[in-house]
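Right, one structure below, let's go through it.
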Number of protein chains: 2
Amino acid sequence: MVMELRRPERTFTIRQLCTEFKATPRALRFYEDKGLLTPARDGMNRVYSYKDRARLILILRGKRVGLSLQEIREILELYDEGDEAAHQNAHSLKKFREKIVVLERQREDIDGAIAELHAACERLEKHLADKRPDLLPKAADYDQVMRARIDGHAEMAMGK
Amino acid sequence: MVMELRRPERTFTIRQLCTEFKATPRALRFYEDKGLLTPARDGMNRVYSYKDRARLILILRGKRVGLSLQEIREILELYDEGDEAAHQNAHSLKKFREKIVVLERQREDIDGAIAELHAACERLEKHLADKRPDLLPKAADYDQVMRARIDGHAEMAMGK
DNA sequence: TTCCCTGTTGACGTTGACGTAAGCGGGACT
DNA sequence: AGTCCCGCTTACGTCAACGTCAACAGGGAA
């Protein structure tokens with residue numbers, strides 16, 4: 001009865017997805033409103049398929065890297081339309097390449113920012129070690145955070 | 001008369017910085033309003049120092065990696081206050097470490113997103129090569145974009 | 001002087017991505 | 001029967017990060 005939980009035919013309620021990905025129902029409905037998700041319905045209620053869930057994963061990651069919902073939609077549309085509209089696609093191709101460029105630059109920025117934050121942290125630690133050694137042991141929390149890493153395997157499981 | 005242009009004693013007008021970094025006067029004044037910049041004044045007019053310029057570079061990069069102006073301000077404040085407020089700083093330390101974690105995750109996200117965009121581009125290219133080979137040569141533009149890369153060396157030149 | 005350009009300070013408008021509240025329906029306990 | 005709880009829709013509110021617009025000042029050039 002508990003087997004086959006990860007099979008493609010499995011479906012999800014809105015709340016299941018929300019708790020899994022720390023989103024809100026409002027957000028998922030909003031994405032639907034904007035055409036990024038189109039879950040099935042059981043009467044009034046939304047029924048999310050495994051494919052919908054995969055799309056949601058892409059949406060959230062897209063957001064994290066700074067894509068707008070609009071841009072994310074364009075990307076998603078490439079996956080469920082294995083068809084024509086070649087004119088629009090030429091435009092998409094260009095936009096995607098530009099996006100790759102900005103993402104690559106963004107990665108450099110992030111590396112730089114990480115380096116600077118590390119430097120700032122060291123400054124702070126030194127300063128604190130000097131002035132207020134009592135406030136230090138927070139370093140333990142850091143490991144906590146590290147271990148609490150989300151393992152979001154978003155390897156894209158959306159079959160055509 | 002044109003020498004010494006890069007010396008620390010050099011100053012900038014708002015428009016010079018705007019054109020250099022493709023910002024708008026409104027944005028710089030906004031940052032000032034929020035306490036991220038505090039240029040000197042010549043009468044009414046703002047006079048940006050080399051240090052202000054360095055701060056602006058950090059602001060813009062912070063924005064590109066998704067930091068809020070508020071967060072950026074906290075970081076900047078560490079650099080011009082080599083002083084007390086150790087209590088607040090303990091809090092900052094924690095926040096910075098958390099930020100490092102999210103940035104590291106964000107870098108993973110970006111790598112993933114880049115990979116997927118590459119895949120999408122290949123799909124599009126194949127599709128276009130099939131249906132509309134006439135729309136292809138846009139690939140040349142890509143190189144153009146690559147060469148037009150901004151060389152923003154933001155290596156942090158803000159001496160205390 | 002007149003014009004134009006760059007600069008200034010408010011004050012209000014806008015956009016994206018939701019949050020929040022109101023009001024309703026349907027199951028599931030109790 | 002009552003009362004949660006989940007879900008739905010519709011509509012308005014919010015917040016950040018500016019954009020836009022008005023009205024004004026100072027300084028050069030024609």
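Residue names in the structure tokens use chain letters A, B, ... in the order shown, residue numbers from 1 in each chain, and ligand numbers from 1 in the order shown.
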Determine, counting only C-alpha atoms (C1' of nucleotides), which protein, DNA and RNA residues have an atom within 10 Å of an atom of D:DA23; residues of the same chain fewer than 2 positions away are not included. Present the result as a ChimeraX atom specification.
/C:9-10 /D:21
What would the file look like if the residues just selected were written as a CSV table (one decimal), in the first residue's frame with C-alpha atoms (C1' of nucleotides)?
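Output file out_1.csv follows:
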chain,number,residue,atom,x,y,z
C,9,DT,C1',14.3,67.7,-4.3
C,10,DG,C1',9.8,65.9,-3.5
D,21,DC,C1',7.1,63.9,-13.7
With 10 Å as the cut-off and only C-alpha atoms (C1' of nucleotides) counted, what is the closest atom pair between each nearby residue of chain D and chain A? Distances in Å to one decimal, ordered by chain and number, as a Markdown table.
| residue | atom | partner | partner_atom | distance |
| --- | --- | --- | --- | --- |
| D:DC6 | C1' | A:Arg15 | CA | 8.9 |
| D:DG7 | C1' | A:Asn45 | CA | 6.6 |
| D:DC8 | C1' | A:Met44 | CA | 6.7 |
Go ahead and write the selection's residues with N, CA and C atoms (P, O5', C5', C4', C3', O3' and C1' of nucleotides) as a compact mmCIF listing (two decimals), in the first residue's frame.
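This is the output file again.txt:
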# COMPACT_ATOMS: atom_id res chain seq x y z
P DC D 6 -5.47 21.91 7.28
O5' DC D 6 -5.98 21.69 5.79
C5' DC D 6 -6.39 20.38 5.39
C4' DC D 6 -7.09 20.48 4.04
C3' DC D 6 -6.37 21.40 3.05
O3' DC D 6 -6.01 20.66 1.90
C1' DC D 6 -8.69 21.93 3.19
P DG D 7 -5.12 21.39 0.80
O5' DG D 7 -6.24 22.03 -0.13
C5' DG D 7 -7.18 21.20 -0.75
C4' DG D 7 -8.23 22.02 -1.44
C3' DG D 7 -7.67 23.20 -2.26
O3' DG D 7 -7.72 22.92 -3.65
C1' DG D 7 -9.63 23.80 -1.02
P DC D 8 -7.23 24.03 -4.65
O5' DC D 8 -8.55 24.92 -4.86
C5' DC D 8 -9.71 24.33 -5.39
C4' DC D 8 -10.77 25.38 -5.66
C3' DC D 8 -10.20 26.64 -6.29
O3' DC D 8 -10.51 26.72 -7.67
C1' DC D 8 -11.63 27.16 -4.43
Excluding A:Glu74 and its own-chain neighbours fewer than 4 positions away, which residues fall within 12 Å of it when counting only C-alpha atoms (C1' of nucleotides)? Please give them as a list in words.
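Result of the neighbour search: Lys34, Gly35, Leu36, Leu58, Ile59, Gly62, Leu67, Ser68, Leu69, Gln70, Leu78, Tyr79, Asp80, Glu81, Gln88, Asn89, His91, Ser92, Leu93, Lys95 and Phe96 of chain A; Leu117 and Ala120 of chain B.
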Output of the above residues as a PDB file, in the first residue's frame, restricted to N, CA and C atoms:
ATOM      1  N   LYS A  34      -0.277  32.306 -14.277  1.00  0.00           N
ATOM      2  CA  LYS A  34       0.652  32.845 -15.255  1.00  0.00           C
ATOM      3  C   LYS A  34       1.033  31.830 -16.319  1.00  0.00           C
ATOM      4  N   GLY A  35       0.423  30.677 -16.267  1.00  0.00           N
ATOM      5  CA  GLY A  35       0.639  29.701 -17.314  1.00  0.00           C
ATOM      6  C   GLY A  35       1.857  28.818 -17.136  1.00  0.00           C
ATOM      7  N   LEU A  36       2.404  28.762 -15.941  1.00  0.00           N
ATOM      8  CA  LEU A  36       3.574  27.920 -15.722  1.00  0.00           C
ATOM      9  C   LEU A  36       3.198  26.517 -15.279  1.00  0.00           C
ATOM     10  N   LEU A  58      11.624  22.978 -11.568  1.00  0.00           N
ATOM     11  CA  LEU A  58      12.309  23.886 -12.492  1.00  0.00           C
ATOM     12  C   LEU A  58      11.934  25.337 -12.223  1.00  0.00           C
ATOM     13  N   ILE A  59      10.684  25.555 -11.936  1.00  0.00           N
ATOM     14  CA  ILE A  59      10.228  26.917 -11.653  1.00  0.00           C
ATOM     15  C   ILE A  59      10.996  27.486 -10.463  1.00  0.00           C
ATOM     16  N   GLY A  62      14.572  28.099 -11.262  1.00  0.00           N
ATOM     17  CA  GLY A  62      14.650  29.268 -12.127  1.00  0.00           C
ATOM     18  C   GLY A  62      14.563  30.539 -11.307  1.00  0.00           C
ATOM     19  N   LEU A  67      15.596  34.168 -12.662  1.00  0.00           N
ATOM     20  CA  LEU A  67      14.755  34.274 -13.848  1.00  0.00           C
ATOM     21  C   LEU A  67      13.368  34.775 -13.446  1.00  0.00           C
ATOM     22  N   SER A  68      12.755  35.502 -14.332  1.00  0.00           N
ATOM     23  CA  SER A  68      11.382  35.933 -14.079  1.00  0.00           C
ATOM     24  C   SER A  68      10.436  34.790 -14.432  1.00  0.00           C
ATOM     25  N   LEU A  69       9.254  34.850 -13.898  1.00  0.00           N
ATOM     26  CA  LEU A  69       8.279  33.802 -14.199  1.00  0.00           C
ATOM     27  C   LEU A  69       8.035  33.730 -15.701  1.00  0.00           C
ATOM     28  N   GLN A  70       8.045  34.849 -16.318  1.00  0.00           N
ATOM     29  CA  GLN A  70       7.858  34.929 -17.762  1.00  0.00           C
ATOM     30  C   GLN A  70       8.943  34.141 -18.497  1.00  0.00           C
ATOM     31  N   LEU A  78       9.031  24.915 -24.041  1.00  0.00           N
ATOM     32  CA  LEU A  78       9.782  24.130 -25.015  1.00  0.00           C
ATOM     33  C   LEU A  78       9.622  22.642 -24.775  1.00  0.00           C
ATOM     34  N   TYR A  79       9.220  22.296 -23.560  1.00  0.00           N
ATOM     35  CA  TYR A  79       9.222  20.873 -23.216  1.00  0.00           C
ATOM     36  C   TYR A  79       7.890  20.184 -23.453  1.00  0.00           C
ATOM     37  N   ASP A  80       6.811  20.927 -23.488  1.00  0.00           N
ATOM     38  CA  ASP A  80       5.539  20.252 -23.753  1.00  0.00           C
ATOM     39  C   ASP A  80       4.993  20.583 -25.138  1.00  0.00           C
ATOM     40  N   GLU A  81       5.725  21.370 -25.883  1.00  0.00           N
ATOM     41  CA  GLU A  81       5.358  21.581 -27.271  1.00  0.00           C
ATOM     42  C   GLU A  81       6.503  21.068 -28.135  1.00  0.00           C
ATOM     43  N   GLN A  88       8.847  31.904 -33.257  1.00  0.00           N
ATOM     44  CA  GLN A  88       9.053  32.263 -31.868  1.00  0.00           C
ATOM     45  C   GLN A  88      10.303  31.574 -31.326  1.00  0.00           C
ATOM     46  N   ASN A  89      10.521  30.352 -31.761  1.00  0.00           N
ATOM     47  CA  ASN A  89      11.651  29.606 -31.230  1.00  0.00           C
ATOM     48  C   ASN A  89      12.991  30.227 -31.596  1.00  0.00           C
ATOM     49  N   HIS A  91      13.547  33.251 -31.753  1.00  0.00           N
ATOM     50  CA  HIS A  91      13.688  34.311 -30.758  1.00  0.00           C
ATOM     51  C   HIS A  91      14.108  33.731 -29.407  1.00  0.00           C
ATOM     52  N   SER A  92      13.482  32.637 -29.033  1.00  0.00           N
ATOM     53  CA  SER A  92      13.818  31.986 -27.775  1.00  0.00           C
ATOM     54  C   SER A  92      15.294  31.603 -27.758  1.00  0.00           C
ATOM     55  N   LEU A  93      15.735  31.053 -28.849  1.00  0.00           N
ATOM     56  CA  LEU A  93      17.129  30.625 -28.922  1.00  0.00           C
ATOM     57  C   LEU A  93      18.070  31.775 -28.586  1.00  0.00           C
ATOM     58  N   LYS A  95      17.365  34.509 -26.913  1.00  0.00           N
ATOM     59  CA  LYS A  95      17.210  34.898 -25.516  1.00  0.00           C
ATOM     60  C   LYS A  95      17.913  33.917 -24.586  1.00  0.00           C
ATOM     61  N   PHE A  96      17.810  32.648 -24.914  1.00  0.00           N
ATOM     62  CA  PHE A  96      18.442  31.648 -24.054  1.00  0.00           C
ATOM     63  C   PHE A  96      19.952  31.829 -24.037  1.00  0.00           C
TER      64      PHE A  96
ATOM     65  N   LEU B 117      19.814  25.190 -20.059  1.00  0.00           N
ATOM     66  CA  LEU B 117      19.666  26.140 -21.158  1.00  0.00           C
ATOM     67  C   LEU B 117      20.471  25.681 -22.365  1.00  0.00           C
ATOM     68  N   ALA B 120      18.449  23.045 -23.944  1.00  0.00           N
ATOM     69  CA  ALA B 120      17.323  23.647 -24.654  1.00  0.00           C
ATOM     70  C   ALA B 120      17.786  24.273 -25.955  1.00  0.00           C
TER      71      ALA B 120
END
Taking only C-alpha atoms into account and nothing else, which residues of chain A lie no more than 8 Å away from chain B? Please answer as a PyMOL selection string.
chain A and resi 61-62+64-66+75+78+86+89-90+93-94+96-98+100-101+103-104+106-107+109-110+113-114+117-118+120-121+124-125+127-128+131-132+135-136+138+142+145-146
Output as a tab-separated table one row per residue of chain A within 8 Å of chain C: the closest atom pair and its distance in Å to one decimal place, counting only C-alpha atoms (C1' of nucleotides), sorted by chain and residue number ascending.
residue	atom	partner	partner_atom	distance
A:Arg26	CA	C:DC18	C1'	7.4
A:Ala27	CA	C:DC18	C1'	6.5
A:Phe30	CA	C:DC18	C1'	7.7
Just to be explicit: take each residue in the selection above, keep N, CA and C atoms, and write the result as an mmCIF file, in the first residue's frame.
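Output below, filename result24.cif:
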data_model
loop_
_atom_site.group_PDB
_atom_site.id
_atom_site.type_symbol
_atom_site.label_atom_id
_atom_site.label_comp_id
_atom_site.auth_asym_id
_atom_site.auth_seq_id
_atom_site.Cartn_x
_atom_site.Cartn_y
_atom_site.Cartn_z
ATOM 1 N N ARG A 26 -0.919 29.831 -2.470
ATOM 2 C CA ARG A 26 -1.074 31.061 -3.258
ATOM 3 C C ARG A 26 -0.060 31.121 -4.389
ATOM 4 N N ALA A 27 1.152 30.744 -4.074
ATOM 5 C CA ALA A 27 2.211 30.803 -5.081
ATOM 6 C C ALA A 27 1.920 29.833 -6.218
ATOM 7 N N PHE A 30 -0.719 31.034 -8.297
ATOM 8 C CA PHE A 30 -0.209 32.172 -9.057
ATOM 9 C C PHE A 30 0.556 31.695 -10.287
#
